[in-house]
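Report on the structure given below.
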Number of protein chains: 2
Amino acid sequence: MARARSEERRAEILRAALEVIAERGYRGASLASVAERVGLTQQGLLHYFPTKEALLVAVLEERDQWDTGGAGLSPAAWRLDLLASLVDYNAMRPGVVQTFSALLGESVTDEHPAKDFFTQRYALVREGVAGALRAEYGERLPGGLTPEQAAPLLVAVMDGLQYQWLLDPGSVDMPGAFRDFLSLLRPE
Amino acid sequence: MARARSEERRAEILRAALEVIAERGYRGASLASVAERVGLTQQGLLHYFPTKEALLVAVLEERDQWDTGGAGLSPAAWRLDLLASLVDYNAMRPGVVQTFSALLGESVTDEHPAKDFFTQRYALVREGVAGALRAEYGERLPGGLTPEQAAPLLVAVMDGLQYQWLLDPGSVDMPGAFRDFLSLLRPE
(Lines give C-alpha, C1' and ligand atoms only; values in the text may rest on other atoms or scores of the structure.)
Protein backbone atom coordinates (compact mmCIF):
# COMPACT_ATOMS: atom_id res chain seq x y z
CA MET A 1 0.00 0.00 0.00
CA ALA A 2 2.76 2.44 0.98
CA ARG A 3 4.74 1.14 -1.99
CA ALA A 4 1.84 1.74 -4.40
CA ARG A 5 1.45 5.28 -3.07
CA SER A 6 5.13 5.92 -3.49
CA GLU A 7 5.06 4.66 -7.10
CA GLU A 8 2.11 6.90 -7.80
CA ARG A 9 3.89 9.88 -6.32
CA ARG A 10 6.96 9.13 -8.42
CA ALA A 11 4.85 9.07 -11.60
CA GLU A 12 3.24 12.36 -10.57
CA ILE A 13 6.67 13.96 -10.14
CA LEU A 14 7.79 12.76 -13.57
CA ARG A 15 4.69 14.27 -15.19
CA ALA A 16 5.30 17.58 -13.41
CA ALA A 17 8.97 17.56 -14.48
CA LEU A 18 7.89 16.95 -18.08
CA GLU A 19 5.67 20.03 -17.92
CA VAL A 20 8.26 22.27 -16.32
CA ILE A 21 10.97 21.23 -18.80
CA ALA A 22 8.60 21.84 -21.72
CA GLU A 23 8.03 25.36 -20.42
CA ARG A 24 11.56 26.38 -19.42
CA GLY A 25 14.01 23.79 -20.72
CA TYR A 26 16.16 21.78 -18.34
CA ARG A 27 18.60 24.56 -17.49
CA GLY A 28 15.69 26.89 -16.77
CA ALA A 29 13.78 24.33 -14.71
CA SER A 30 14.21 24.20 -10.93
CA LEU A 31 13.53 21.34 -8.54
CA ALA A 32 11.58 23.85 -6.45
CA SER A 33 9.10 24.50 -9.26
CA VAL A 34 8.62 20.75 -9.85
CA ALA A 35 8.14 20.19 -6.11
CA GLU A 36 5.62 23.02 -5.89
CA ARG A 37 3.56 21.57 -8.74
CA VAL A 38 3.06 18.28 -6.89
CA GLY A 39 2.64 19.85 -3.44
CA LEU A 40 5.96 18.66 -2.02
CA THR A 41 8.78 20.54 -0.36
CA GLN A 42 12.11 20.44 -2.16
CA GLN A 43 13.35 18.12 0.61
CA GLY A 44 10.40 15.85 -0.03
CA LEU A 45 11.17 15.73 -3.73
CA LEU A 46 14.81 14.83 -3.07
CA HIS A 47 13.54 11.69 -1.32
CA TYR A 48 12.31 10.43 -4.72
CA PHE A 49 15.06 11.88 -6.93
CA PRO A 50 18.30 12.78 -5.17
CA THR A 51 19.50 15.25 -7.85
CA LYS A 52 18.12 17.30 -10.72
CA GLU A 53 20.17 15.12 -13.09
CA ALA A 54 18.60 11.94 -11.71
CA LEU A 55 15.13 13.40 -12.29
CA LEU A 56 16.05 14.36 -15.87
CA VAL A 57 17.34 10.93 -16.80
CA ALA A 58 14.27 9.32 -15.22
CA VAL A 59 12.03 11.52 -17.39
CA LEU A 60 13.88 10.51 -20.55
CA GLU A 61 13.94 6.80 -19.69
CA GLU A 62 10.30 6.82 -18.71
CA ARG A 63 9.35 8.26 -22.09
CA ASP A 64 11.18 5.54 -24.01
CA GLN A 65 9.59 2.88 -21.80
CA TRP A 66 6.12 4.26 -22.51
CA ASP A 67 6.71 4.61 -26.22
CA THR A 68 7.94 1.07 -26.62
CA GLY A 69 5.36 -0.52 -24.33
CA GLY A 70 8.10 -1.38 -21.86
CA ALA A 71 10.29 -3.09 -24.45
CA GLY A 72 12.93 -0.35 -24.41
CA LEU A 73 15.00 0.46 -27.48
CA SER A 74 16.22 -3.04 -28.29
CA PRO A 75 17.07 -3.24 -32.01
CA ALA A 76 14.58 -6.06 -32.73
CA ALA A 77 11.61 -3.90 -31.69
CA TRP A 78 11.72 -1.45 -34.64
CA ARG A 79 9.29 -1.47 -37.56
CA LEU A 80 8.64 1.26 -40.14
CA ASP A 81 4.85 1.23 -39.70
CA LEU A 82 5.31 1.62 -35.94
CA LEU A 83 7.57 4.63 -36.53
CA ALA A 84 4.89 6.26 -38.68
CA SER A 85 2.34 5.58 -35.93
CA LEU A 86 4.69 7.10 -33.37
CA VAL A 87 4.86 10.30 -35.43
CA ASP A 88 1.03 10.35 -35.64
CA TYR A 89 0.89 9.89 -31.89
CA ASN A 90 3.49 12.61 -31.27
CA ALA A 91 1.37 15.07 -33.25
CA MET A 92 -1.26 14.68 -30.51
CA ARG A 93 1.11 15.37 -27.61
CA PRO A 94 3.03 18.59 -28.27
CA GLY A 95 4.08 18.84 -24.60
CA VAL A 96 6.09 15.62 -24.70
CA VAL A 97 7.61 16.52 -28.06
CA GLN A 98 8.47 19.98 -26.73
CA THR A 99 10.25 18.51 -23.71
CA PHE A 100 12.22 16.08 -25.82
CA SER A 101 13.13 18.71 -28.44
CA ALA A 102 14.20 21.26 -25.84
CA LEU A 103 16.38 18.66 -24.12
CA LEU A 104 17.95 17.46 -27.36
CA GLY A 105 18.82 21.07 -28.17
CA GLU A 106 20.35 21.69 -24.76
CA SER A 107 22.20 18.39 -24.79
CA VAL A 108 24.75 19.75 -27.27
CA THR A 109 25.82 22.52 -24.88
CA ASP A 110 28.91 21.89 -22.74
CA GLU A 111 28.73 19.23 -20.03
CA HIS A 112 24.98 18.80 -20.25
CA PRO A 113 23.73 15.90 -18.12
CA ALA A 114 21.61 14.49 -20.97
CA LYS A 115 24.49 14.35 -23.46
CA ASP A 116 25.49 10.73 -22.76
CA PHE A 117 21.87 9.65 -22.69
CA PHE A 118 21.22 11.10 -26.16
CA THR A 119 24.51 9.90 -27.63
CA GLN A 120 23.84 6.31 -26.57
CA ARG A 121 20.18 6.55 -27.49
CA TYR A 122 20.94 7.70 -31.04
CA ALA A 123 23.44 4.90 -31.62
CA LEU A 124 20.75 2.39 -30.59
CA VAL A 125 18.02 4.12 -32.60
CA ARG A 126 20.13 4.23 -35.78
CA GLU A 127 20.88 0.53 -35.39
CA GLY A 128 17.22 -0.33 -34.86
CA VAL A 129 16.07 1.79 -37.79
CA ALA A 130 18.69 0.26 -40.10
CA GLY A 131 17.39 -3.19 -39.14
CA ALA A 132 13.79 -2.16 -39.81
CA LEU A 133 14.74 -0.73 -43.22
CA ARG A 134 16.61 -3.92 -44.13
CA ALA A 135 13.70 -6.14 -43.04
CA GLU A 136 11.25 -4.11 -45.10
CA TYR A 137 13.23 -3.10 -48.21
CA GLY A 138 16.31 -5.32 -48.37
CA GLU A 139 19.94 -4.31 -48.92
CA ARG A 140 19.47 -1.69 -51.62
CA LEU A 141 17.34 1.42 -51.20
CA PRO A 142 16.67 4.18 -53.77
CA GLY A 143 19.69 6.33 -54.62
CA GLY A 144 21.84 3.24 -54.06
CA LEU A 145 21.77 3.75 -50.27
CA THR A 146 22.32 0.96 -47.76
CA PRO A 147 20.01 0.68 -44.73
CA GLU A 148 22.91 1.99 -42.61
CA GLN A 149 23.16 5.11 -44.79
CA ALA A 150 19.43 5.75 -44.71
CA ALA A 151 18.98 5.25 -40.95
CA PRO A 152 20.54 8.54 -39.75
CA LEU A 153 18.49 10.37 -42.39
CA LEU A 154 15.23 8.88 -41.14
CA VAL A 155 16.12 9.80 -37.56
CA ALA A 156 17.13 13.31 -38.63
CA VAL A 157 13.82 13.80 -40.45
CA MET A 158 11.85 12.78 -37.35
CA ASP A 159 13.78 15.20 -35.13
CA GLY A 160 13.97 18.07 -37.61
CA LEU A 161 10.26 17.93 -38.43
CA GLN A 162 9.46 18.19 -34.73
CA TYR A 163 11.15 21.60 -34.53
CA GLN A 164 9.42 22.93 -37.64
CA TRP A 165 6.07 21.60 -36.41
CA LEU A 166 6.43 22.94 -32.84
CA LEU A 167 7.33 26.39 -34.19
CA ASP A 168 4.55 26.52 -36.76
CA PRO A 169 1.96 23.72 -36.42
CA GLY A 170 -0.35 25.39 -38.94
CA SER A 171 2.26 25.28 -41.73
CA VAL A 172 3.87 21.88 -41.16
CA ASP A 173 1.94 18.60 -41.37
CA MET A 174 4.40 16.50 -39.39
CA PRO A 175 2.79 13.04 -39.90
CA GLY A 176 2.18 13.71 -43.60
CA ALA A 177 5.74 14.90 -44.14
CA PHE A 178 7.14 11.82 -42.39
CA ARG A 179 5.10 9.55 -44.69
CA ASP A 180 6.40 11.55 -47.67
CA PHE A 181 9.90 10.73 -46.50
CA LEU A 182 9.09 7.02 -46.19
CA SER A 183 7.85 7.07 -49.79
CA LEU A 184 11.30 8.34 -50.86
CA LEU A 185 12.86 5.25 -49.26
CA ARG A 186 10.49 2.71 -50.81
CA PRO A 187 12.09 0.83 -53.72
CA GLU A 188 10.09 1.04 -56.98
CA MET B 1 37.81 56.13 -37.00
CA ALA B 2 35.64 56.02 -33.89
CA ARG B 3 32.93 54.42 -36.02
CA ALA B 4 35.30 51.71 -37.30
CA ARG B 5 36.38 50.94 -33.74
CA SER B 6 32.78 50.69 -32.66
CA GLU B 7 31.92 48.28 -35.51
CA GLU B 8 34.90 46.17 -34.58
CA ARG B 9 33.85 46.08 -30.96
CA ARG B 10 30.34 45.07 -32.00
CA ALA B 11 31.71 42.17 -34.05
CA GLU B 12 33.87 41.12 -31.10
CA ILE B 13 30.83 41.07 -28.82
CA LEU B 14 28.87 38.93 -31.30
CA ARG B 15 31.72 36.41 -31.47
CA ALA B 16 31.88 36.25 -27.67
CA ALA B 17 28.11 35.80 -27.45
CA LEU B 18 28.33 32.96 -29.96
CA GLU B 19 30.88 31.21 -27.74
CA VAL B 20 28.96 31.70 -24.52
CA ILE B 21 25.68 30.47 -26.07
CA ALA B 22 27.45 27.41 -27.49
CA GLU B 23 28.70 26.59 -24.00
CA ARG B 24 25.61 27.30 -21.92
CA GLY B 25 22.63 27.87 -24.22
CA TYR B 26 20.81 31.18 -24.28
CA ARG B 27 18.93 30.73 -21.02
CA GLY B 28 22.17 29.76 -19.30
CA ALA B 29 24.18 32.62 -20.85
CA SER B 30 24.53 35.92 -18.99
CA LEU B 31 25.36 39.36 -20.37
CA ALA B 32 27.97 39.58 -17.62
CA SER B 33 29.87 36.58 -18.99
CA VAL B 34 29.79 37.98 -22.54
CA ALA B 35 30.98 41.38 -21.25
CA GLU B 36 33.78 39.77 -19.28
CA ARG B 37 35.00 37.88 -22.34
CA VAL B 38 35.51 41.11 -24.30
CA GLY B 39 36.83 43.13 -21.36
CA LEU B 40 33.77 45.35 -20.97
CA THR B 41 31.59 46.10 -17.96
CA GLN B 42 27.98 45.04 -18.27
CA GLN B 43 27.07 48.73 -18.58
CA GLY B 44 29.55 49.05 -21.44
CA LEU B 45 28.01 46.08 -23.22
CA LEU B 46 24.50 47.54 -22.90
CA HIS B 47 25.74 50.50 -24.92
CA TYR B 48 26.06 48.16 -27.93
CA PHE B 49 23.10 45.86 -27.24
CA PRO B 50 20.44 47.24 -24.91
CA THR B 51 19.00 43.83 -23.92
CA LYS B 52 19.97 40.19 -23.91
CA GLU B 53 17.23 39.55 -26.49
CA ALA B 54 18.68 42.21 -28.82
CA LEU B 55 22.08 40.54 -28.60
CA LEU B 56 20.57 37.15 -29.36
CA VAL B 57 18.71 38.31 -32.44
CA ALA B 58 21.83 40.11 -33.66
CA VAL B 59 23.82 36.87 -33.34
CA LEU B 60 21.25 34.96 -35.38
CA GLU B 61 20.93 37.62 -38.07
CA GLU B 62 24.70 38.03 -38.32
CA ARG B 63 25.07 34.31 -38.98
CA ASP B 64 22.58 34.32 -41.84
CA GLN B 65 24.26 37.40 -43.33
CA TRP B 66 27.64 35.66 -43.23
CA ASP B 67 26.35 32.42 -44.64
CA THR B 68 24.65 34.08 -47.57
CA GLY B 69 27.45 36.53 -48.32
CA GLY B 70 25.21 39.39 -47.25
CA ALA B 71 22.35 38.34 -49.52
CA GLY B 72 20.11 37.26 -46.64
CA LEU B 73 17.57 34.50 -47.04
CA SER B 74 15.78 35.81 -50.14
CA PRO B 75 14.16 32.87 -51.96
CA ALA B 76 16.09 33.47 -55.20
CA ALA B 77 19.45 32.86 -53.51
CA TRP B 78 19.01 29.11 -52.89
CA ARG B 79 20.77 26.35 -54.86
CA LEU B 80 21.19 22.68 -53.97
CA ASP B 81 24.95 22.63 -54.55
CA LEU B 82 25.34 25.65 -52.28
CA LEU B 83 23.38 23.84 -49.56
CA ALA B 84 25.73 20.86 -49.81
CA SER B 85 28.70 23.24 -49.54
CA LEU B 86 27.11 24.87 -46.50
CA VAL B 87 26.90 21.48 -44.78
CA ASP B 88 30.58 20.83 -45.66
CA TYR B 89 31.44 24.21 -44.19
CA ASN B 90 29.38 23.61 -41.05
CA ALA B 91 31.30 20.40 -40.41
CA MET B 92 34.37 22.61 -39.92
CA ARG B 93 32.76 24.97 -37.42
CA PRO B 94 31.14 22.94 -34.64
CA GLY B 95 30.92 26.03 -32.39
CA VAL B 96 28.56 27.87 -34.73
CA VAL B 97 26.49 24.74 -35.32
CA GLN B 98 26.34 24.15 -31.57
CA THR B 99 25.05 27.69 -30.93
CA PHE B 100 22.43 27.39 -33.63
CA SER B 101 21.30 23.92 -32.51
CA ALA B 102 21.10 24.89 -28.85
CA LEU B 103 19.03 27.98 -29.75
CA LEU B 104 16.70 26.05 -32.05
CA GLY B 105 16.12 23.57 -29.22
CA GLU B 106 15.40 26.31 -26.69
CA SER B 107 13.21 28.24 -29.10
CA VAL B 108 10.38 25.72 -28.65
CA THR B 109 10.17 26.39 -24.90
CA ASP B 110 7.53 28.90 -23.73
CA GLU B 111 7.96 32.55 -24.67
CA HIS B 112 11.50 32.16 -25.92
CA PRO B 113 12.82 35.34 -27.58
CA ALA B 114 14.14 33.41 -30.62
CA LYS B 115 10.80 31.73 -31.36
CA ASP B 116 9.55 34.33 -33.86
CA PHE B 117 12.96 34.53 -35.51
CA PHE B 118 13.04 30.77 -36.14
CA THR B 119 9.38 30.55 -37.19
CA GLN B 120 9.83 33.25 -39.83
CA ARG B 121 13.22 31.92 -40.86
CA TYR B 122 11.88 28.41 -41.48
CA ALA B 123 9.00 29.69 -43.61
CA LEU B 124 11.55 31.56 -45.77
CA VAL B 125 13.97 28.64 -45.88
CA ARG B 126 11.28 26.14 -46.92
CA GLU B 127 10.19 28.50 -49.68
CA GLY B 128 13.77 28.98 -50.91
CA VAL B 129 14.51 25.25 -50.82
CA ALA B 130 11.31 24.41 -52.71
CA GLY B 131 12.38 26.88 -55.40
CA ALA B 132 15.85 25.35 -55.62
CA LEU B 133 14.39 21.84 -55.91
CA ARG B 134 12.00 22.95 -58.66
CA ALA B 135 14.79 24.72 -60.60
CA GLU B 136 16.99 21.61 -60.42
CA TYR B 137 14.56 18.69 -60.69
CA GLY B 138 11.25 20.08 -61.99
CA GLU B 139 7.73 19.51 -60.66
CA ARG B 140 7.93 15.81 -59.88
CA LEU B 141 10.45 14.29 -57.50
CA PRO B 142 10.91 10.61 -56.59
CA GLY B 143 8.06 9.10 -54.58
CA GLY B 144 5.71 11.44 -56.46
CA LEU B 145 6.63 14.35 -54.16
CA THR B 146 6.29 17.99 -55.15
CA PRO B 147 9.12 20.44 -54.37
CA GLU B 148 6.90 21.89 -51.60
CA GLN B 149 6.56 18.44 -50.02
CA ALA B 150 10.29 17.73 -50.21
CA ALA B 151 11.45 21.11 -48.86
CA PRO B 152 10.56 20.58 -45.16
CA LEU B 153 12.22 17.15 -45.36
CA LEU B 154 15.47 18.62 -46.67
CA VAL B 155 15.46 21.26 -43.93
CA ALA B 156 14.67 18.63 -41.29
CA VAL B 157 17.57 16.45 -42.48
CA MET B 158 20.00 19.37 -42.20
CA ASP B 159 18.88 20.19 -38.65
CA GLY B 160 18.51 16.63 -37.42
CA LEU B 161 21.92 15.58 -38.72
CA GLN B 162 23.51 18.47 -36.83
CA TYR B 163 22.30 17.05 -33.50
CA GLN B 164 23.49 13.52 -34.29
CA TRP B 165 26.84 14.88 -35.49
CA LEU B 166 27.40 17.22 -32.51
CA LEU B 167 26.64 14.38 -30.08
CA ASP B 168 28.82 11.82 -31.83
CA PRO B 169 31.07 13.26 -34.55
CA GLY B 170 32.99 9.99 -34.87
CA SER B 171 29.88 8.00 -35.81
CA VAL B 172 28.03 10.46 -38.06
CA ASP B 173 29.47 11.77 -41.34
CA MET B 174 27.24 14.83 -41.62
CA PRO B 175 28.30 16.03 -45.11
CA GLY B 176 28.21 12.48 -46.52
CA ALA B 177 24.76 11.82 -45.05
CA PHE B 178 23.42 15.07 -46.49
CA ARG B 179 24.66 14.09 -49.96
CA ASP B 180 23.00 10.68 -49.48
CA PHE B 181 19.75 12.51 -48.87
CA LEU B 182 20.17 14.62 -52.02
CA SER B 183 20.65 11.41 -54.01
CA LEU B 184 17.22 10.25 -52.76
CA LEU B 185 15.66 13.39 -54.24
CA ARG B 186 17.35 13.14 -57.64
CA PRO B 187 14.99 11.85 -60.33
CA GLU B 188 16.27 8.74 -62.15
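Quick note on naming: the chains in the C-alpha coordinates go A, B, ... in the order shown, residues restart at 1 in each chain, and ligands are numbered from 1 in order of appearance.
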Neighbours of chain B in chain A at 7 Å, counting only C-alpha atoms, as number ranges by chain: A: 22-25, 27-28, 98, 101-102, 104-106, 108-110, 115, 119, 142-143, 149, 153, 156-157, 159-161, 166-168, 177, 181, 183-184
Name all residues at most 7 Å from Arg10 in chain B (count only C-alpha atoms; drop same-chain ones fewer than 4 positions away) and give them as a ChimeraX atom specification. /B:6,14,48
Could you take the residues named above and write them with C-alpha atoms, as a PDB file, in the first residue's frame?
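What landed in selection-v1.pdb:
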```
ATOM      1  CA  SER B   6      32.780  50.694 -32.658  1.00  0.00           C
ATOM      2  CA  LEU B  14      28.868  38.930 -31.302  1.00  0.00           C
ATOM      3  CA  TYR B  48      26.056  48.155 -27.930  1.00  0.00           C
TER       4      TYR B  48
END
```
Could you pull out the alpha helix (DSSP H) residues of range 4-187 of chain B from DSSP and send them as a PyMOL selection string? chain B and resi 4-28+31-37+42-48+52-67+80-90+94-107+115-137+147-167+174-185
Using only C-alpha atoms, which of A:Leu80, A:Ala54, A:Glu62, A:Glu12 sits nearest Gly39 in chain A? A:Glu12
Coordinates-based distance that separates CA of Arg5 in chain B from CA of Leu60 in chain B (Å, one decimal):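 These two atoms are separated by 22.1 Å.
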Find, counting only C-alpha atoms, the residue in A:Arg79, A:Arg63, A:Lys52, A:Arg179 that gets nearest to Arg134 in chain A.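 Result for the nearest residue to Arg134 in chain A: A:Arg79.
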What is the CA of Val125 in chain B-CA of Ala77 in chain B distance in Å, reported with one decimal?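 Between CA of Val125 in chain B and CA of Ala77 in chain B the gap is 10.3 Å.
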Of the candidates B:Ala132, B:Leu46, B:Ala32, B:Val96, which shows the shortest atom-to-atom distance to Ser74 in chain B, using only C-alpha atoms?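 Under the stated criterion, the closest residue is B:Ala132.
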Hey, what's within 9 Å of Leu73 in chain B if we count only C-alpha atoms and toss same-chain stuff fewer than 4 positions away? As a list of chain:residue names, please?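 Close residues of Leu73 in chain B: B:Asp64, B:Gln65, B:Thr68, B:Ala77, B:Trp78, B:Arg121, B:Leu124, B:Val125, B:Gly128.
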For Arg37 in chain B, find every residue with an atom within 12 Å (counting only C-alpha atoms), except residues of its own chain fewer than 2 positions away, and show them as a count of residues only. 21
When you draw a straight line from CA of Pro147 in chain A to CA of Leu133 in chain A, how long is it in Å?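 These atoms are spaced 5.7 Å apart.
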